[in-house]
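> The following file, coords.pdb, comprises PDB, C-alpha atoms, pLDDT in the B column:
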ATOM      1  CA  GLU E   1     -11.719 -20.095 -49.224  1.00 48.00           C
ATOM      2  CA  ARG E   2     -15.366 -19.804 -48.492  1.00 49.00           C
ATOM      3  CA  LEU E   3     -17.347 -21.453 -45.765  1.00 52.00           C
ATOM      4  CA  ARG E   4     -21.140 -21.312 -46.257  1.00 57.00           C
ATOM      5  CA  GLY E   5     -20.907 -18.096 -48.226  1.00 60.00           C
ATOM      6  CA  ARG E   6     -18.511 -16.465 -45.760  1.00 64.00           C
ATOM      7  CA  VAL E   7     -14.796 -15.933 -45.952  1.00 62.00           C
ATOM      8  CA  ALA E   8     -12.977 -18.500 -43.826  1.00 63.00           C
ATOM      9  CA  TRP E   9     -10.662 -16.763 -41.382  1.00 59.00           C
ATOM     10  CA  THR E  10      -7.540 -18.861 -41.394  1.00 64.00           C
ATOM     11  CA  PRO E  11      -4.378 -17.914 -39.499  1.00 59.00           C
ATOM     12  CA  ALA E  12      -2.889 -16.779 -42.812  1.00 65.00           C
ATOM     13  CA  ARG E  13      -5.752 -14.274 -43.262  1.00 64.00           C
ATOM     14  CA  ALA E  14      -6.098 -13.134 -39.660  1.00 64.00           C
ATOM     15  CA  HIS E  15      -4.008 -10.244 -38.413  1.00 69.00           C
ATOM     16  CA  TYR E  16      -2.855 -10.003 -34.838  1.00 73.00           C
ATOM     17  CA  GLY E  17      -0.026  -8.342 -32.976  1.00 75.00           C
ATOM     18  CA  ALA E  18       0.938  -5.895 -30.291  1.00 79.00           C
ATOM     19  CA  VAL E  19      -0.178  -2.294 -30.087  1.00 81.00           C
ATOM     20  CA  PRO E  20       2.788   0.107 -29.919  1.00 82.00           C
ATOM     21  CA  ARG E  21       3.239   1.876 -26.566  1.00 82.00           C
ATOM     22  CA  ALA E  22       3.137   5.257 -28.311  1.00 83.00           C
ATOM     23  CA  ALA E  23      -0.314   4.437 -29.730  1.00 84.00           C
ATOM     24  CA  LEU E  24      -1.599   3.395 -26.306  1.00 88.00           C
ATOM     25  CA  ASP E  25      -0.266   6.574 -24.703  1.00 90.00           C
ATOM     26  CA  ALA E  26      -1.802   8.760 -27.409  1.00 91.00           C
ATOM     27  CA  GLU E  27      -5.167   7.008 -27.043  1.00 91.00           C
ATOM     28  CA  GLY E  28      -5.028   7.287 -23.236  1.00 92.00           C
ATOM     29  CA  ASP E  29      -4.388  11.022 -23.509  1.00 93.00           C
ATOM     30  CA  ALA E  30      -7.288  11.436 -25.954  1.00 93.00           C
ATOM     31  CA  VAL E  31      -9.656   9.523 -23.656  1.00 90.00           C
ATOM     32  CA  ALA E  32      -8.585  11.580 -20.637  1.00 91.00           C
ATOM     33  CA  ALA E  33      -9.186  14.803 -22.597  1.00 92.00           C
ATOM     34  CA  ALA E  34     -12.621  13.575 -23.708  1.00 91.00           C
ATOM     35  CA  ARG E  35     -13.534  12.760 -20.096  1.00 89.00           C
ATOM     36  CA  ARG E  36     -12.594  16.278 -19.004  1.00 90.00           C
ATOM     37  CA  GLU E  37     -14.544  17.920 -21.827  1.00 92.00           C
ATOM     38  CA  ASN E  38     -17.712  15.806 -21.671  1.00 91.00           C
ATOM     39  CA  PRO E  39     -19.208  14.749 -18.311  1.00 87.00           C
ATOM     40  CA  GLU E  40     -21.621  12.381 -20.104  1.00 92.00           C
ATOM     41  CA  ILE E  41     -18.743  10.008 -20.828  1.00 90.00           C
ATOM     42  CA  ALA E  42     -18.704   8.765 -17.208  1.00 86.00           C
ATOM     43  CA  SER E  43     -22.242   7.392 -17.580  1.00 90.00           C
ATOM     44  CA  LEU E  44     -21.311   5.805 -20.912  1.00 92.00           C
ATOM     45  CA  GLU E  45     -18.302   4.171 -19.268  1.00 91.00           C
ATOM     46  CA  LYS E  46     -20.607   2.678 -16.633  1.00 93.00           C
ATOM     47  CA  VAL E  47     -22.898   1.280 -19.341  1.00 94.00           C
ATOM     48  CA  ALA E  48     -19.930  -0.241 -21.158  1.00 94.00           C
ATOM     49  CA  GLU E  49     -18.577  -1.711 -17.911  1.00 94.00           C
ATOM     50  CA  ASN E  50     -21.959  -3.326 -17.136  1.00 95.00           C
ATOM     51  CA  ALA E  51     -22.148  -4.723 -20.672  1.00 95.00           C
ATOM     52  CA  MET E  52     -18.664  -6.205 -20.296  1.00 95.00           C
ATOM     53  CA  GLN E  53     -19.628  -7.875 -17.016  1.00 95.00           C
ATOM     54  CA  GLN E  54     -22.728  -9.349 -18.663  1.00 95.00           C
ATOM     55  CA  TYR E  55     -20.636 -10.620 -21.561  1.00 94.00           C
ATOM     56  CA  ARG E  56     -18.121 -12.256 -19.221  1.00 93.00           C
ATOM     57  CA  ARG E  57     -20.931 -14.011 -17.341  1.00 94.00           C
ATOM     58  CA  THR E  58     -22.673 -15.326 -20.454  1.00 94.00           C
ATOM     59  CA  ARG E  59     -19.879 -16.066 -22.901  1.00 92.00           C
ATOM     60  CA  PRO E  60     -19.167 -19.709 -23.680  1.00 91.00           C
ATOM     61  CA  ALA E  61     -15.992 -21.274 -22.361  1.00 90.00           C
ATOM     62  CA  ALA E  62     -13.047 -21.493 -24.732  1.00 88.00           C
ATOM     63  CA  SER E  63     -12.664 -24.811 -26.499  1.00 91.00           C
ATOM     64  CA  ARG E  64      -9.519 -26.818 -25.907  1.00 92.00           C
ATOM     65  CA  ARG E  65      -8.595 -26.397 -29.548  1.00 90.00           C
ATOM     66  CA  GLY E  66      -9.077 -22.623 -29.406  1.00 86.00           C
ATOM     67  CA  ALA E  67      -7.073 -22.298 -26.184  1.00 87.00           C
ATOM     68  CA  ALA E  68      -4.233 -24.336 -27.659  1.00 87.00           C
ATOM     69  CA  ALA E  69      -4.254 -22.220 -30.828  1.00 82.00           C
ATOM     70  CA  ALA E  70      -4.192 -18.987 -28.794  1.00 81.00           C
ATOM     71  CA  LYS E  71      -1.053 -20.128 -26.984  1.00 82.00           C
ATOM     72  CA  THR E  72       0.787 -20.426 -30.291  1.00 79.00           C
ATOM     73  CA  LEU E  73       0.132 -16.812 -31.336  1.00 75.00           C
ATOM     74  CA  ARG E  74       3.155 -14.559 -31.485  1.00 69.00           C
ATOM     75  CA  LEU E  75       2.045 -11.207 -30.097  1.00 69.00           C
ATOM     76  CA  SER E  76       5.495  -9.684 -29.803  1.00 69.00           C
ATOM     77  CA  GLU E  77       5.286  -8.187 -33.292  1.00 74.00           C
ATOM     78  CA  VAL E  78       3.441  -4.960 -34.035  1.00 76.00           C
ATOM     79  CA  HIS E  79      -0.044  -5.397 -35.515  1.00 73.00           C
ATOM     80  CA  PRO E  80      -0.068  -4.666 -39.278  1.00 71.00           C
ATOM     81  CA  LEU E  81      -2.800  -2.065 -38.756  1.00 73.00           C
ATOM     82  CA  PHE E  82      -0.246   0.202 -37.115  1.00 72.00           C
ATOM     83  CA  GLY E  83       2.208  -0.017 -40.000  1.00 67.00           C
ATOM     84  CA  GLY E  84       5.143  -0.465 -37.678  1.00 52.00           C
ATOM     85  CA  ALA E  85       6.224   1.724 -34.793  1.00 49.00           C
ATOM     86  CA  ALA E  86       7.475   4.426 -37.172  1.00 50.00           C
ATOM     87  CA  ALA E  87       3.876   5.485 -37.841  1.00 48.00           C
ATOM     88  CA  PHE E  88       3.724   6.917 -34.315  1.00 49.00           C
ATOM     89  CA  GLY E  89       6.992   8.805 -34.388  1.00 50.00           C
ATOM     90  CA  ALA E  90       8.877   6.084 -32.536  1.00 50.00           C
ATOM     91  CA  ASP E  91      12.560   6.163 -33.243  1.00 53.00           C
ATOM     92  CA  ALA E  92      15.227   3.500 -32.753  1.00 53.00           C
ATOM     93  CA  THR E  93      15.458   4.348 -29.040  1.00 59.00           C
ATOM     94  CA  ASN E  94      11.777   3.502 -28.485  1.00 68.00           C
ATOM     95  CA  ALA E  95      12.156   0.298 -30.484  1.00 70.00           C
ATOM     96  CA  ASP E  96      15.155  -0.631 -28.341  1.00 74.00           C
ATOM     97  CA  ALA E  97      13.181   0.138 -25.179  1.00 75.00           C
ATOM     98  CA  GLU E  98      10.272  -2.030 -26.357  1.00 76.00           C
ATOM     99  CA  SER E  99      12.680  -4.828 -27.183  1.00 79.00           C
ATOM    100  CA  LEU E 100      14.239  -4.557 -23.725  1.00 79.00           C
ATOM    101  CA  ARG E 101      10.776  -4.580 -22.065  1.00 81.00           C
ATOM    102  CA  ARG E 102       9.836  -7.745 -23.962  1.00 81.00           C
ATOM    103  CA  ARG E 103      13.090  -9.464 -22.970  1.00 82.00           C
ATOM    104  CA  ILE E 104      12.677  -8.479 -19.309  1.00 83.00           C
ATOM    105  CA  ALA E 105       9.027  -9.566 -19.248  1.00 82.00           C
ATOM    106  CA  GLY E 106       9.955 -12.942 -20.713  1.00 81.00           C
ATOM    107  CA  TYR E 107      12.960 -13.573 -18.459  1.00 81.00           C
ATOM    108  CA  ARG E 108      12.849 -16.720 -16.377  1.00 79.00           C
ATOM    109  CA  PRO E 109      15.790 -17.466 -14.092  1.00 75.00           C
ATOM    110  CA  SER E 110      17.406 -20.866 -14.460  1.00 74.00           C
ATOM    111  CA  GLN E 111      17.652 -21.301 -10.678  1.00 72.00           C
ATOM    112  CA  SER E 112      15.599 -20.401  -7.641  1.00 73.00           C
ATOM    113  CA  ILE E 113      16.940 -18.259  -4.799  1.00 70.00           C
ATOM    114  CA  LEU E 114      17.807 -21.317  -2.733  1.00 67.00           C
ATOM    115  CA  GLU E 115      19.599 -22.933  -5.674  1.00 67.00           C
ATOM    116  CA  LEU E 116      21.614 -19.759  -6.231  1.00 66.00           C
ATOM    117  CA  LYS E 117      22.670 -19.855  -2.602  1.00 61.00           C
ATOM    118  CA  LEU E 118      23.788 -23.449  -3.138  1.00 58.00           C
ATOM    119  CA  THR E 119      26.205 -22.483  -5.886  1.00 58.00           C
ATOM    120  CA  SER E 120      28.263 -20.604  -3.332  1.00 57.00           C
ATOM    121  CA  VAL E 121      27.829 -23.252  -0.629  1.00 54.00           C
ATOM    122  CA  LYS E 122      28.453 -26.797  -1.781  1.00 58.00           C
ATOM    123  CA  ASP E 123      27.621 -28.994   1.198  1.00 63.00           C
ATOM    124  CA  ASP E 124      24.186 -30.314   2.131  1.00 70.00           C
ATOM    125  CA  ASP E 125      24.327 -29.012   5.714  1.00 73.00           C
ATOM    126  CA  ALA E 126      24.627 -25.455   4.455  1.00 74.00           C
ATOM    127  CA  TYR E 127      21.658 -26.022   2.133  1.00 74.00           C
ATOM    128  CA  GLN E 128      19.576 -27.338   5.007  1.00 78.00           C
ATOM    129  CA  ALA E 129      20.546 -24.314   7.113  1.00 82.00           C
ATOM    130  CA  ALA E 130      19.641 -21.922   4.290  1.00 81.00           C
ATOM    131  CA  ALA E 131      16.291 -23.652   3.784  1.00 83.00           C
ATOM    132  CA  LYS E 132      15.599 -23.526   7.547  1.00 87.00           C
ATOM    133  CA  ASP E 133      16.456 -19.813   7.633  1.00 89.00           C
ATOM    134  CA  PHE E 134      14.096 -19.208   4.740  1.00 89.00           C
ATOM    135  CA  ARG E 135      11.252 -21.171   6.372  1.00 90.00           C
ATOM    136  CA  ASP E 136      11.846 -19.343   9.673  1.00 92.00           C
ATOM    137  CA  LYS E 137      11.600 -15.977   7.940  1.00 93.00           C
ATOM    138  CA  VAL E 138       8.379 -17.009   6.241  1.00 91.00           C
ATOM    139  CA  ASP E 139       6.936 -18.263   9.543  1.00 93.00           C
ATOM    140  CA  ARG E 140       7.924 -15.053  11.376  1.00 94.00           C
ATOM    141  CA  ARG E 141       6.317 -12.898   8.693  1.00 93.00           C
ATOM    142  CA  LYS E 142       3.144 -15.002   8.804  1.00 92.00           C
ATOM    143  CA  ALA E 143       2.993 -14.686  12.607  1.00 92.00           C
ATOM    144  CA  GLN E 144       3.461 -10.904  12.342  1.00 91.00           C
ATOM    145  CA  ARG E 145       0.560 -10.660   9.864  1.00 89.00           C
ATOM    146  CA  GLU E 146      -1.660 -12.759  12.123  1.00 88.00           C
ATOM    147  CA  ARG E 147      -0.830 -10.590  15.156  1.00 87.00           C
ATOM    148  CA  ALA E 148      -1.504  -7.436  13.130  1.00 86.00           C
ATOM    149  CA  ALA E 149      -4.874  -8.838  12.036  1.00 83.00           C
ATOM    150  CA  GLN E 150      -5.787  -9.701  15.648  1.00 83.00           C
ATOM    151  CA  LEU E 151      -4.982  -6.246  17.039  1.00 79.00           C
ATOM    152  CA  PRO E 152      -7.958  -4.446  15.415  1.00 72.00           C
ATOM    153  CA  ALA E 153     -10.271  -7.298  16.461  1.00 67.00           C
ATOM    154  CA  GLU E 154      -9.085  -7.031  20.091  1.00 70.00           C
ATOM    155  CA  ALA E 155      -9.414  -3.242  20.072  1.00 68.00           C
ATOM    156  CA  ALA E 156     -12.993  -3.483  18.807  1.00 65.00           C
ATOM    157  CA  ALA E 157     -13.949  -5.964  21.549  1.00 61.00           C
TER     158      ALA E 157
END
Here is a file; write its structure as structure tokens.


Amino acid sequence: ERLRGRVAWTPARAHYGAVPRAALDAEGDAVAAARRENPEIASLEKVAENAMQQYRRTRPAASRRGAAAAKTLRLSEVHPLFGGAAAFGADATNADAESLRRRIAGYRPSQSILELKLTSVKDDDAYQAAAKDFRDKVDRRKAQRERAAQLPAEAAA
């Protein structure tokens, strides 16, 4: 599969996946140690940060086709480069914890808070009262924030 003398990167040839938490922690520790040992790294970080900002400003927008393809990627599996979580000393407990984190992160409740309240209260009047209570609480909190924001302005005047 060649395209103008280059290898065509098809989804079958491309490798993608998640980085194990243990690898991220180990890398974070190594970076923190390097920062402590070499003060020049702070200036290099600033250069890299500026380069990233420039890239974000000048990069082309994602195509519709590329965005749609990115949504289909399954990133819940460990990247093949890491050879599985066992390469970082992760045992079954860590794998279970990662699995639990993924399930919690992906959880979407089937009902909203107001709908849950409705399951215990069946009549429409109770729903209306619950919705009114909720709106009143939101309005009170908004009024409190506005008053808090006005206090420093009044004190400065």

> Would you mind reading off the distance between atom CA of Val78 of chain E and atom CA of Ala18 of chain E, one decimal, in Å?

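About the pair atom CA of Val78 of chain E and atom CA of Ala18 of chain E: they are 4.6 Å apart.
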
> Give me, please, the distance in Å between atom CA of Gly106 of chain E and atom CA of Glu27 of chain E, quoted to one decimal.

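Going from atom CA of Gly106 of chain E over to atom CA of Glu27 of chain E, I get 25.8 Å.
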
> Report the distance between atom CA of Leu81 of chain E and atom CA of Leu24 of chain E in Å, rounded to one decimal place.

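Computed distance, atom CA of Leu81 of chain E to atom CA of Leu24 of chain E, equals 13.6 Å.
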
> I need the residue nearest Arg21 of chain E from this list: E:Thr58, E:Thr72, E:Ser99, E:Gln128. Use all atoms listed in the file for the distance.

E:Ser99
